[in-house]
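Asker: Contents of upload.pdb (PDB, C-alpha atoms and all ligand atoms) are given next:
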```
ATOM      1  CA  MET A 836      69.564 170.623  70.155  1.00  0.00           C
ATOM      2  CA  LEU A 837      70.751 169.430  66.798  1.00  0.00           C
ATOM      3  CA  LEU A 838      73.294 171.139  64.610  1.00  0.00           C
ATOM      4  CA  ILE A 839      72.031 170.471  61.104  1.00  0.00           C
ATOM      5  CA  SER A 840      74.164 170.994  58.045  1.00  0.00           C
ATOM      6  CA  CYS A 841      71.942 172.449  55.376  1.00  0.00           C
ATOM      7  CA  PRO A 842      73.234 171.381  51.940  1.00  0.00           C
ATOM      8  CA  ASN A 843      72.980 174.990  50.808  1.00  0.00           C
ATOM      9  CA  CYS A 844      73.813 177.030  53.891  1.00  0.00           C
ATOM     10  CA  GLY A 845      76.047 174.893  56.043  1.00  0.00           C
ATOM     11  CA  PRO A 846      75.686 174.103  59.748  1.00  0.00           C
ATOM     12  CA  ARG A 847      72.750 175.841  61.362  1.00  0.00           C
ATOM     13  CA  ASP A 848      70.818 175.543  64.567  1.00  0.00           C
ATOM     14  CA  GLU A 849      67.951 173.080  64.650  1.00  0.00           C
ATOM     15  CA  THR A 850      65.489 175.885  65.334  1.00  0.00           C
ATOM     16  CA  GLU A 851      65.919 177.098  61.749  1.00  0.00           C
ATOM     17  CA  PHE A 852      64.514 173.842  60.415  1.00  0.00           C
ATOM     18  CA  HIS A 853      61.206 172.052  60.308  1.00  0.00           C
ATOM     19  CA  TYR A 854      60.733 168.331  60.339  1.00  0.00           C
ATOM     20  CA  GLY A 855      58.940 166.889  57.342  1.00  0.00           C
ATOM     21  CA  GLY A 856      58.307 163.299  58.290  1.00  0.00           C
ATOM     22  CA  GLN A 857      59.532 160.065  56.832  1.00  0.00           C
ATOM     23  CA  ALA A 858      61.485 160.289  53.594  1.00  0.00           C
ATOM     24  CA  HIS A 859      61.094 158.198  50.444  1.00  0.00           C
ATOM     25  CA  ILE A 860      57.333 157.916  50.520  1.00  0.00           C
ATOM     26  CA  ALA A 861      56.602 157.570  46.841  1.00  0.00           C
ATOM     27  CA  TYR A 862      53.365 158.967  45.498  1.00  0.00           C
ATOM     28  CA  PRO A 863      51.263 156.079  44.189  1.00  0.00           C
ATOM     29  CA  GLU A 864      51.595 155.597  40.472  1.00  0.00           C
ATOM     30  CA  ASN A 865      47.872 155.155  39.998  1.00  0.00           C
ATOM     31  CA  PRO A 866      46.090 156.493  43.061  1.00  0.00           C
ATOM     32  CA  ASN A 867      42.712 155.607  41.624  1.00  0.00           C
ATOM     33  CA  ASP A 868      43.655 151.954  41.615  1.00  0.00           C
ATOM     34  CA  LEU A 869      44.262 151.867  45.327  1.00  0.00           C
ATOM     35  CA  THR A 870      41.822 150.534  47.810  1.00  0.00           C
ATOM     36  CA  ASP A 871      40.759 152.831  50.610  1.00  0.00           C
ATOM     37  CA  ARG A 872      43.017 150.923  52.914  1.00  0.00           C
ATOM     38  CA  GLU A 873      46.052 151.300  50.631  1.00  0.00           C
ATOM     39  CA  TRP A 874      45.343 154.984  50.174  1.00  0.00           C
ATOM     40  CA  ALA A 875      45.033 155.497  53.915  1.00  0.00           C
ATOM     41  CA  GLU A 876      48.287 153.679  54.475  1.00  0.00           C
ATOM     42  CA  TYR A 877      49.984 155.915  51.934  1.00  0.00           C
ATOM     43  CA  LEU A 878      48.601 159.031  53.587  1.00  0.00           C
ATOM     44  CA  PHE A 879      48.906 158.256  57.243  1.00  0.00           C
ATOM     45  CA  TYR A 880      51.005 155.201  58.008  1.00  0.00           C
ATOM     46  CA  ARG A 881      54.651 155.829  58.745  1.00  0.00           C
ATOM     47  CA  GLU A 882      57.476 153.907  60.266  1.00  0.00           C
ATOM     48  CA  ASN A 883      58.335 154.580  63.879  1.00  0.00           C
ATOM     49  CA  THR A 884      61.877 153.369  63.688  1.00  0.00           C
ATOM     50  CA  LYS A 885      64.107 152.933  66.668  1.00  0.00           C
ATOM     51  CA  GLY A 886      67.504 153.537  65.168  1.00  0.00           C
ATOM     52  CA  THR A 887      68.524 154.879  61.798  1.00  0.00           C
ATOM     53  CA  PHE A 888      65.668 156.671  60.116  1.00  0.00           C
ATOM     54  CA  ALA A 889      65.429 158.540  56.802  1.00  0.00           C
ATOM     55  CA  GLU A 890      63.450 161.722  57.169  1.00  0.00           C
ATOM     56  CA  ARG A 891      62.789 164.996  55.422  1.00  0.00           C
ATOM     57  CA  TRP A 892      63.696 168.414  56.717  1.00  0.00           C
ATOM     58  CA  VAL A 893      63.228 171.912  55.383  1.00  0.00           C
ATOM     59  CA  HIS A 894      65.457 174.869  56.160  1.00  0.00           C
ATOM     60  CA  SER A 895      62.421 176.985  56.795  1.00  0.00           C
ATOM     61  CA  THR A 896      64.067 180.160  58.045  1.00  0.00           C
ATOM     62  CA  GLY A 897      67.027 179.905  55.701  1.00  0.00           C
ATOM     63  CA  CYS A 898      67.064 178.822  52.079  1.00  0.00           C
ATOM     64  CA  ARG A 899      63.666 177.104  52.453  1.00  0.00           C
ATOM     65  CA  GLN A 900      64.932 174.054  50.606  1.00  0.00           C
ATOM     66  CA  TRP A 901      63.996 170.490  51.427  1.00  0.00           C
ATOM     67  CA  PHE A 902      66.529 167.749  51.942  1.00  0.00           C
ATOM     68  CA  ASN A 903      66.772 164.264  53.372  1.00  0.00           C
ATOM     69  CA  MET A 904      68.548 163.257  56.525  1.00  0.00           C
ATOM     70  CA  LEU A 905      69.581 159.897  57.882  1.00  0.00           C
ATOM     71  CA  ARG A 906      69.338 160.222  61.632  1.00  0.00           C
ATOM     72  CA  ASP A 907      69.479 157.871  64.577  1.00  0.00           C
ATOM     73  CA  THR A 908      66.295 158.298  66.560  1.00  0.00           C
ATOM     74  CA  VAL A 909      67.962 157.016  69.720  1.00  0.00           C
ATOM     75  CA  SER A 910      71.287 158.823  69.763  1.00  0.00           C
ATOM     76  CA  TYR A 911      70.182 161.734  67.525  1.00  0.00           C
ATOM     77  CA  GLU A 912      73.371 161.274  65.563  1.00  0.00           C
ATOM     78  CA  ILE A 913      73.055 162.570  62.022  1.00  0.00           C
ATOM     79  CA  HIS A 914      74.568 159.993  59.702  1.00  0.00           C
ATOM     80  CA  SER A 915      74.004 161.626  56.370  1.00  0.00           C
ATOM     81  CA  ILE A 916      72.323 164.541  54.643  1.00  0.00           C
ATOM     82  CA  TYR A 917      71.398 164.161  50.987  1.00  0.00           C
ATOM     83  CA  ALA A 918      69.258 165.767  48.344  1.00  0.00           C
ATOM     84  CA  MET A 919      65.618 165.045  47.695  1.00  0.00           C
ATOM     85  CA  GLY A 920      65.272 162.383  45.054  1.00  0.00           C
ATOM     86  CA  GLN A 921      68.514 160.689  45.942  1.00  0.00           C
ATOM     87  CA  PRO A 922      68.346 157.131  47.229  1.00  0.00           C
ATOM     88  CA  ARG A 923      68.848 156.439  50.889  1.00  0.00           C
ATOM     89  CA  PRO A 924      72.591 156.071  51.543  1.00  0.00           C
ATOM     90  CA  ASP A 925      73.786 152.627  52.475  1.00  0.00           C
ATOM     91  CA  LEU A 926      75.000 153.060  56.013  1.00  0.00           C
ATOM     92  CA  ALA A 927      76.537 149.634  56.192  1.00  0.00           C
ATOM     93  CA  LYS A 928      79.480 150.817  54.132  1.00  0.00           C
ATOM     94  CA  SER A 929      80.368 153.908  56.078  1.00  0.00           C
ATOM     95  CA  THR A 930      79.622 152.812  59.612  1.00  0.00           C
ATOM     96  CA  ALA A 931      81.164 149.380  59.379  1.00  0.00           C
ATOM     97  CA  ALA A 932      84.534 151.035  59.155  1.00  0.00           C
ATOM     98  CA  GLY A 933      83.705 153.139  62.144  1.00  0.00           C
ATOM     99  CA  THR A 934      84.595 156.328  60.361  1.00  0.00           C
ATOM    100  CA  GLY A 935      81.468 158.089  61.429  1.00  0.00           C
ATOM    101  CA  THR A 936      79.558 160.561  59.359  1.00  0.00           C
ATOM    102  CA  THR A 937      80.067 161.267  55.724  1.00  0.00           C
ATOM    103  CA  PRO A 938      77.786 164.100  54.705  1.00  0.00           C
ATOM    104  CA  THR A 939      78.403 163.993  51.017  1.00  0.00           C
ATOM    105  CA  SER A 940      75.476 165.868  49.642  1.00  0.00           C
ATOM    106  CA  GLU A 941      76.363 168.387  47.011  1.00  0.00           C
ATOM    107  CA  PRO A 942      74.449 171.622  46.819  1.00  0.00           C
ATOM    108  CA  ALA A 943      71.752 171.253  44.244  1.00  0.00           C
ATOM    109  CA  GLN A 944      71.005 173.793  41.605  1.00  0.00           C
ATOM    110  CA  PRO A 945      68.384 176.299  42.640  1.00  0.00           C
ATOM    111  CA  GLY A 946      65.084 175.170  41.315  1.00  0.00           C
ATOM    112  CA  GLU A 947      66.009 171.589  40.851  1.00  0.00           C
ATOM    113  CA  PHE A 948      65.904 170.900  44.563  1.00  0.00           C
ATOM    114  CA  THR A 949      62.299 169.826  44.723  1.00  0.00           C
ATOM    115  CA  GLN A 950      60.270 166.999  46.065  1.00  0.00           C
ATOM    116  CA  SER A 951      59.310 165.803  42.640  1.00  0.00           C
ATOM    117  CA  GLY A 952      62.189 163.366  42.559  1.00  0.00           C
ATOM    118  CA  ASP A 953      60.506 161.237  45.148  1.00  0.00           C
ATOM    119  CA  PHE A 954      57.412 160.926  43.052  1.00  0.00           C
ATOM    120  CA  GLY A 955      59.260 159.377  40.171  1.00  0.00           C
ATOM    121  CA  GLN A 956      60.153 156.314  42.131  1.00  0.00           C
ATOM    122  CA  ALA A 957      57.587 153.658  41.619  1.00  0.00           C
ATOM    123  CA  GLY A 958      56.997 150.764  43.872  1.00  0.00           C
ATOM    124  CA  GLU A 959      56.459 150.419  47.517  1.00  0.00           C
ATOM    125  CA  PRO A 960      56.629 153.462  49.704  1.00  0.00           C
ATOM    126  CA  GLY A 961      60.258 153.675  50.626  1.00  0.00           C
ATOM    127  CA  LEU A 962      60.454 151.123  53.343  1.00  0.00           C
ATOM    128  CA  ALA A 963      64.085 150.379  53.600  1.00  0.00           C
ATOM    129  CA  PRO A 964      64.931 146.737  53.911  1.00  0.00           C
ATOM    130  CA  GLY A 965      66.809 146.065  57.058  1.00  0.00           C
ATOM    131  CA  ALA A 966      65.234 148.887  58.994  1.00  0.00           C
ATOM    132  CA  ALA A 967      62.877 146.454  60.541  1.00  0.00           C
ATOM    133  CA  THR A 968      63.055 147.681  64.079  1.00  0.00           C
ATOM    134  CA  THR A 969      59.701 149.153  64.840  1.00  0.00           C
ATOM    135  CA  GLY A 970      57.363 149.478  67.696  1.00  0.00           C
ATOM    136  CA  ALA A 971      59.668 151.588  69.766  1.00  0.00           C
ATOM    137  CA  THR A 972      58.715 154.859  71.307  1.00  0.00           C
ATOM    138  CA  ALA A 973      61.658 156.896  70.182  1.00  0.00           C
ATOM    139  CA  PRO A 974      60.649 160.444  69.383  1.00  0.00           C
ATOM    140  CA  THR A 975      61.264 161.262  65.760  1.00  0.00           C
ATOM    141  CA  SER A 976      60.062 164.796  65.758  1.00  0.00           C
ATOM    142  CA  SER A 977      61.427 167.956  67.209  1.00  0.00           C
ATOM    143  CA  GLU A 978      58.388 169.974  66.447  1.00  0.00           C
ATOM    144  CA  GLY A 979      56.738 172.242  68.906  1.00  0.00           C
ATOM    145  CA  VAL A 980      59.426 172.239  71.514  1.00  0.00           C
TER     146      VAL A 980
HETATM  147 ZN    ZN B1001      69.592 176.308  53.911  1.00  0.00          ZN
END
```
Re-express the file's structure as structure tokens.

Answerer:
Amino acid sequence: MLLISCPNCGPRDETEFHYGGQAHIAYPENPNDLTDREWAEYLFYRENTKGTFAERWVHSTGCRQWFNMLRDTVSYEIHSIYAMGQPRPDLAKSTAAGTGTTPTSEPAQPGEFTQSGDFGQAGEPGLAPGAATTGATAPTSSEGV
């Protein structure tokens, strides 16, 4: 069971949240220009990272706001929680010092806390460089338990 700190509500039980899949998947700038294969990869292909993974969560029984979380899929440690539209935090800085978690997300204004920020980022769908460990079978979802 995870204790998740909602940026708006504070620490709450995992059961109040729903998992929303991999974070930083940018909507294609010109979807009509994509091949079927590229479109399918945008829709369905996601990383299955063993280790630190950026994912989306929604506080579905609380404030119903979406946010991003940097979580270790092996240890379940939550490294960071940050607003939608913000870039993935650079973990190398905070963890190298061994200081642990730094949840620095500020509460967003009501109404501005939307997914649209992700769509403004052009380019490849949010594959973080360095997070190249794939192929593992670590569970990334807590749905349906
Ligand atoms: Zn909340």

Asker: In Å, rounded to a single decimal, give me how far CA of Arg872 (chain A) is from CA of Arg923 (chain A).

Answerer: 26.5 Å

Asker: Find the distance between CA of Gly856 (chain A) and CA of Leu869 (chain A) and write it in Å to one decimal.

Answerer: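 The value is 22.3 Å.
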
Asker: Rank nothing, just name the residue among A:Ile839, A:Pro866, A:Cys844, A:Gln921 nearest to Gly897 (chain A), using only C-alpha atoms.

Answerer: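 Between A:Ile839, A:Pro866, A:Cys844, A:Gln921, the residue approaching Gly897 (chain A) most closely is A:Cys844.
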
Asker: In Å to one decimal, how far is CA of Phe852 (chain A) from CA of Asp925 (chain A)?

Answerer: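 Between CA of Asp925 (chain A) and CA of Phe852 (chain A) the gap is 24.5 Å.
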
Asker: Written as a list of chain:residue names, what is the full residue list that the PyMOL selection byres (((chain A and resi 887) around 8) and not hetatm) yields on the file shown?

Answerer: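 When the PyMOL selection byres (((chain A and resi 887) around 8) and not hetatm) is applied, the selected residues are A:Thr884, A:Lys885, A:Gly886, A:Phe888, A:Ala889, A:Leu905, A:Arg906, A:Asp907, A:Thr908, A:Ala966.
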
Asker: Residues up to 7 Å from ligand ZN 1001 (chain B), counting only C-alpha atoms and all ligand atoms: could you list those as a PDB file with C-alpha atoms, keeping the file's coordinate frame?

Answerer:
```pdb
ATOM      1  CA  CYS A 841      71.942 172.449  55.376  1.00  0.00           C
ATOM      2  CA  PRO A 842      73.234 171.381  51.940  1.00  0.00           C
ATOM      3  CA  ASN A 843      72.980 174.990  50.808  1.00  0.00           C
ATOM      4  CA  CYS A 844      73.813 177.030  53.891  1.00  0.00           C
ATOM      5  CA  GLY A 845      76.047 174.893  56.043  1.00  0.00           C
ATOM      6  CA  HIS A 894      65.457 174.869  56.160  1.00  0.00           C
ATOM      7  CA  GLY A 897      67.027 179.905  55.701  1.00  0.00           C
ATOM      8  CA  CYS A 898      67.064 178.822  52.079  1.00  0.00           C
ATOM      9  CA  ARG A 899      63.666 177.104  52.453  1.00  0.00           C
ATOM     10  CA  GLN A 900      64.932 174.054  50.606  1.00  0.00           C
TER      11      GLN A 900
END
```

Asker: Report as JSON the centre and the edge lengths, in Å to one decimal, of the axis-aligned box holding every listed atom of region 844-855 of chain A, padded by 6 Å on each side.

Answerer:
```
{"center_x": 67.5, "center_y": 172.0, "center_z": 59.6, "size_x": 29.1, "size_y": 22.2, "size_z": 23.4}
```

Asker: Restricting the calculation to all atoms listed in the file: of A:Val893, A:Leu878, A:Ser840, A:Val909, which residue gets closest to Ala861 (chain A)?

Answerer: A:Leu878

Asker: Using the chain letters and numbering of this document, enumerate as JSON, numbers by chain the residues selected by the PyMOL selection byres (((chain A and resi 850) around 10) and not hetatm).

Answerer: {"A": [836, 837, 838, 839, 847, 848, 849, 851, 852, 853, 894, 895, 896, 977, 978, 980]}

Asker: Only C-alpha atoms, please: the residues just picked out, written as a compact mmCIF listing (two decimals), in the coordinates of the input.

Answerer:
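File written: out-v4.txt
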```txt
# COMPACT_ATOMS: atom_id res chain seq x y z
CA MET A 836 69.56 170.62 70.16
CA LEU A 837 70.75 169.43 66.80
CA LEU A 838 73.29 171.14 64.61
CA ILE A 839 72.03 170.47 61.10
CA ARG A 847 72.75 175.84 61.36
CA ASP A 848 70.82 175.54 64.57
CA GLU A 849 67.95 173.08 64.65
CA GLU A 851 65.92 177.10 61.75
CA PHE A 852 64.51 173.84 60.42
CA HIS A 853 61.21 172.05 60.31
CA HIS A 894 65.46 174.87 56.16
CA SER A 895 62.42 176.98 56.80
CA THR A 896 64.07 180.16 58.04
CA SER A 977 61.43 167.96 67.21
CA GLU A 978 58.39 169.97 66.45
CA VAL A 980 59.43 172.24 71.51
```

Asker: With the file shown as input, list the residues that the PyMOL selection byres (((chain A and resi 892) around 6) and not hetatm) selects, as a list in words.

Answerer: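 Checking the PyMOL selection byres (((chain A and resi 892) around 6) and not hetatm) against this file, the residues are His853, Tyr854, Gly855, Arg891, Val893, Trp901 and Phe902 of chain A.
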